[in-house]
Amino acid sequence: MSDASPGPYRRIILKLSGESFAAAGERGISMSEVVHISSQTYRAKEQGVEIGIVIGGGNILRGAQFIAGNNSIHEATAHYMGMMATVINGLALQDALESLGCETRLMSTLKVDSVAEPFIRRRARRHLEKGRIVILAGGTGAPFVTTDTAAAQKALELEADILMKATRVDGVYSDDPEKNPHAQLYRELTYQQVQEQNLRVMDPTAIAHCMEHDLPILVFNYREDGNIERAVRGETIGTRVTSSRKK
């Protein structure tokens with residue numbers, strides 16, 4: 001694959017929540033949803049950008065659901081269960097992408113050698129350079145850390161140009177737009193504004209990592225067909241979080 005890309009980005013990390021693998025309001029895996037995301041991602045990759053995907057597991061289970069009022073499962077164990085859920089999602093996404101003719105590699109920070117390669121930074125970079133979509137499962141491989149933070153860490157490790165978070169809404173709002181019809185959509189924010197206003201972009205640790213290393217974040221609605229491609233082309237969609245607002 002050529003180092004040149006027709007768009008503004010050479011390499012991106014795309015963060016997909018576990019909920020993006022399920023139909024709205026449901027749990028589990030909906031292959032129609034997975035194929036919808038895969039089709040957009042495949043078309044984005046055809047534009048010449050290298051793509052790594054960090055996935056969540058909330059559609060299968062969240063560690064937090066086993067913690068509240070439950071003394072039977074240790075909190076760390078619950079988090080490991082959530083990490084395993086991301087591997088299950090990764091397998092579904094891998095097959096969906098490959099059914100479209102896209103070459104992929106599934107890599108995991110957890111040791112699951114029968115279904116995924118271990119995450120090794122240099123190997124992951126080489127896969128990306130060869131034009132493969134790299135699916136990154138297992139979070140950070142450690143409990144008490146969210147997949148948002150894993151996405152920020154992987155973006156920094158793999159020297160991505162931007163971290164793109166795909167969501168079910170059009171970007172970052174001043175309030176929950178599903179509850180408050182008057183919530184304001186922000187087009188641009190600084191890391192400081194996100195922290196000071198406690199906006200729901202990513203978890204605070206992920207924001208801190210991106211701020212420290214000046215890694216831009218784009219939050220956008222993946223459910224609108226073509227938005228992943230638009231994001232990769234650098235079109236104005238969603239909310240962009242950087243160190244300073246444009247003049």
# chains A, B, ... in the order shown; residues from 1 in each chain; ligands from 1
call {"tool": "closest_atom_pairs", "arguments": {"of": "stretch 171-243 of chain A", "to": "stretch 45-50 of chain A", "cutoff": "9 Å", "atoms": "only C-alpha atoms", "output": "Markdown table"}}
result
| residue | atom | partner | partner_atom | distance |
| --- | --- | --- | --- | --- |
| A:Glu229 | CA | A:Gln47 | CA | 8.1 |
| A:Val232 | CA | A:Val49 | CA | 7.5 |
| A:Arg233 | CA | A:Gln47 | CA | 8.1 |
call {"tool": "residues_around", "arguments": {"residues": "A:His209", "least_positions_apart": "4", "cutoff": "7 Å", "atoms": "only C-alpha atoms", "output": "JSON, numbers by chain"}}
result
{"A": [152, 205, 213]}
call {"tool": "closest_residue", "arguments": {"among": "A:Met107, A:Leu215, A:Val172, A:Ala142", "to": "A:His127", "atoms": "only C-alpha atoms"}}
result
A:Met107
call {"tool": "closest_residue", "arguments": {"among": "A:Ser30, A:Thr104, A:Thr242, A:Thr167", "to": "A:Glu212", "atoms": "only C-alpha atoms"}}
result
A:Thr242
call {"tool": "select_by_dssp", "arguments": {"residues": "stretch 67-232 of chain A", "states": "strand (DSSP E or B)", "output": "VMD selection string"}}
result
chain A and resid 104 to 108 117 to 118 133 to 137 162 to 167 172 to 173 185 to 186 188 to 190 217 to 221
call {"tool": "residues_around", "arguments": {"residues": "A:Thr86", "least_positions_apart": "4", "cutoff": "7 Å", "atoms": "only C-alpha atoms", "output": "PyMOL selection string"}}
result
chain A and resi 55-57+82+90+137-138
call {"tool": "write_last_selection", "arguments": {"atoms": "N, CA and C atoms", "output": "PDB file, in the first residue's frame"}}
result
ATOM      1  N   ILE A  55     -12.775  -2.200  19.491  1.00  0.00           N
ATOM      2  CA  ILE A  55     -14.182  -2.524  19.703  1.00  0.00           C
ATOM      3  C   ILE A  55     -14.501  -2.708  21.180  1.00  0.00           C
ATOM      4  N   GLY A  56     -15.742  -2.343  21.520  1.00  0.00           N
ATOM      5  CA  GLY A  56     -16.254  -2.564  22.863  1.00  0.00           C
ATOM      6  C   GLY A  56     -17.007  -3.887  22.928  1.00  0.00           C
ATOM      7  N   GLY A  57     -17.603  -4.147  24.081  1.00  0.00           N
ATOM      8  CA  GLY A  57     -18.318  -5.412  24.262  1.00  0.00           C
ATOM      9  C   GLY A  57     -19.641  -5.264  24.985  1.00  0.00           C
ATOM     10  N   GLY A  82     -15.865  -8.747  30.277  1.00  0.00           N
ATOM     11  CA  GLY A  82     -16.152  -7.739  29.265  1.00  0.00           C
ATOM     12  C   GLY A  82     -15.116  -7.733  28.155  1.00  0.00           C
ATOM     13  N   GLY A  90     -15.147  -9.041  17.792  1.00  0.00           N
ATOM     14  CA  GLY A  90     -14.083  -8.979  16.795  1.00  0.00           C
ATOM     15  C   GLY A  90     -14.187 -10.086  15.763  1.00  0.00           C
ATOM     16  N   ALA A 137      -8.962  -6.206  19.693  1.00  0.00           N
ATOM     17  CA  ALA A 137      -9.876  -6.664  20.740  1.00  0.00           C
ATOM     18  C   ALA A 137      -9.146  -6.795  22.067  1.00  0.00           C
ATOM     19  N   GLY A 138      -9.929  -6.997  23.130  1.00  0.00           N
ATOM     20  CA  GLY A 138      -9.344  -7.245  24.441  1.00  0.00           C
ATOM     21  C   GLY A 138      -9.044  -6.006  25.247  1.00  0.00           C
TER      22      GLY A 138
END
call {"tool": "select_by_dssp", "arguments": {"residues": "stretch 14-88 of chain A", "states": "helix (DSSP H, G or I)", "output": "PyMOL selection string"}}
result
chain A and resi 18-21+31-45+63-66+75-88
call {"tool": "closest_residue", "arguments": {"among": "A:Arg62, A:Lys154, A:Arg105, A:His74", "to": "A:Ile133", "atoms": "only C-alpha atoms"}}
result
A:Arg105
call {"tool": "atom_distance", "arguments": {"atom1": "atom CA of A:Leu106", "atom2": "atom CA of A:Ala155"}}
result
16.1 Å
call {"tool": "residues_around", "arguments": {"residues": "A:Ile60", "least_positions_apart": "5", "cutoff": "8 Å", "atoms": "only C-alpha atoms", "output": "number ranges by chain"}}
result
A: 18, 27-29, 82, 85
call {"tool": "atom_distance", "arguments": {"atom1": "atom CA of A:Leu61", "atom2": "atom CA of A:Leu110"}}
result
17.0 Å
call {"tool": "closest_residue", "arguments": {"among": "A:Val34, A:His79, A:Ile13, A:Ser72", "to": "A:Gln153", "atoms": "only C-alpha atoms"}}
result
A:Ile13
call {"tool": "decode", "arguments": {"residues": "stretch 138-192 of chain A", "atoms": "C-alpha atoms", "output": "mmCIF file, in the first residue's frame"}}
result
data_model
loop_
_atom_site.group_PDB
_atom_site.id
_atom_site.type_symbol
_atom_site.label_atom_id
_atom_site.label_comp_id
_atom_site.auth_asym_id
_atom_site.auth_seq_id
_atom_site.Cartn_x
_atom_site.Cartn_y
_atom_site.Cartn_z
ATOM 1 C CA GLY A 138 -9.344 -7.245 24.441
ATOM 2 C CA GLY A 139 -9.193 -3.604 25.499
ATOM 3 C CA THR A 140 -5.868 -2.882 27.186
ATOM 4 C CA GLY A 141 -5.676 -6.429 28.526
ATOM 5 C CA ALA A 142 -6.028 -5.128 32.078
ATOM 6 C CA PRO A 143 -9.105 -4.619 34.270
ATOM 7 C CA PHE A 144 -10.423 -1.247 35.475
ATOM 8 C CA VAL A 145 -9.726 0.358 32.082
ATOM 9 C CA THR A 146 -12.349 1.210 29.475
ATOM 10 C CA THR A 147 -12.187 0.459 25.760
ATOM 11 C CA ASP A 148 -12.191 4.244 25.189
ATOM 12 C CA THR A 149 -8.841 4.388 26.943
ATOM 13 C CA ALA A 150 -7.715 1.329 24.977
ATOM 14 C CA ALA A 151 -8.602 3.173 21.759
ATOM 15 C CA ALA A 152 -6.571 6.216 22.797
ATOM 16 C CA GLN A 153 -3.603 4.040 23.757
ATOM 17 C CA LYS A 154 -3.719 2.063 20.494
ATOM 18 C CA ALA A 155 -3.983 5.272 18.481
ATOM 19 C CA LEU A 156 -0.841 6.559 20.181
ATOM 20 C CA GLU A 157 1.036 3.254 19.937
ATOM 21 C CA LEU A 158 0.259 2.912 16.242
ATOM 22 C CA GLU A 159 0.873 6.610 15.503
ATOM 23 C CA ALA A 160 -2.583 7.260 14.100
ATOM 24 C CA ASP A 161 -3.399 10.726 12.815
ATOM 25 C CA ILE A 162 -6.783 10.829 14.524
ATOM 26 C CA LEU A 163 -9.045 8.842 16.840
ATOM 27 C CA MET A 164 -12.571 8.520 15.442
ATOM 28 C CA LYS A 165 -15.375 7.496 17.764
ATOM 29 C CA ALA A 166 -18.480 6.200 16.003
ATOM 30 C CA THR A 167 -21.707 6.774 17.940
ATOM 31 C CA ARG A 168 -25.482 6.686 17.481
ATOM 32 C CA VAL A 169 -25.807 10.492 17.659
ATOM 33 C CA ASP A 170 -24.438 13.275 15.443
ATOM 34 C CA GLY A 171 -21.640 14.324 17.780
ATOM 35 C CA VAL A 172 -21.127 15.819 21.221
ATOM 36 C CA TYR A 173 -24.074 17.684 22.713
ATOM 37 C CA SER A 174 -24.462 19.999 25.679
ATOM 38 C CA ASP A 175 -26.977 17.477 27.087
ATOM 39 C CA ASP A 176 -28.487 14.131 26.153
ATOM 40 C CA PRO A 177 -30.259 14.901 22.841
ATOM 41 C CA GLU A 178 -32.632 11.966 23.311
ATOM 42 C CA LYS A 179 -33.917 13.526 26.545
ATOM 43 C CA ASN A 180 -33.449 17.221 25.850
ATOM 44 C CA PRO A 181 -34.619 18.404 22.398
ATOM 45 C CA HIS A 182 -32.911 21.754 23.022
ATOM 46 C CA ALA A 183 -29.462 20.217 23.537
ATOM 47 C CA GLN A 184 -26.786 22.023 21.517
ATOM 48 C CA LEU A 185 -24.562 20.128 19.082
ATOM 49 C CA TYR A 186 -20.945 21.269 19.281
ATOM 50 C CA ARG A 187 -18.934 21.222 16.068
ATOM 51 C CA GLU A 188 -15.601 22.004 17.726
ATOM 52 C CA LEU A 189 -14.359 21.595 21.265
ATOM 53 C CA THR A 190 -11.055 21.712 23.090
ATOM 54 C CA TYR A 191 -9.904 18.982 25.446
ATOM 55 C CA GLN A 192 -10.153 21.523 28.256
#
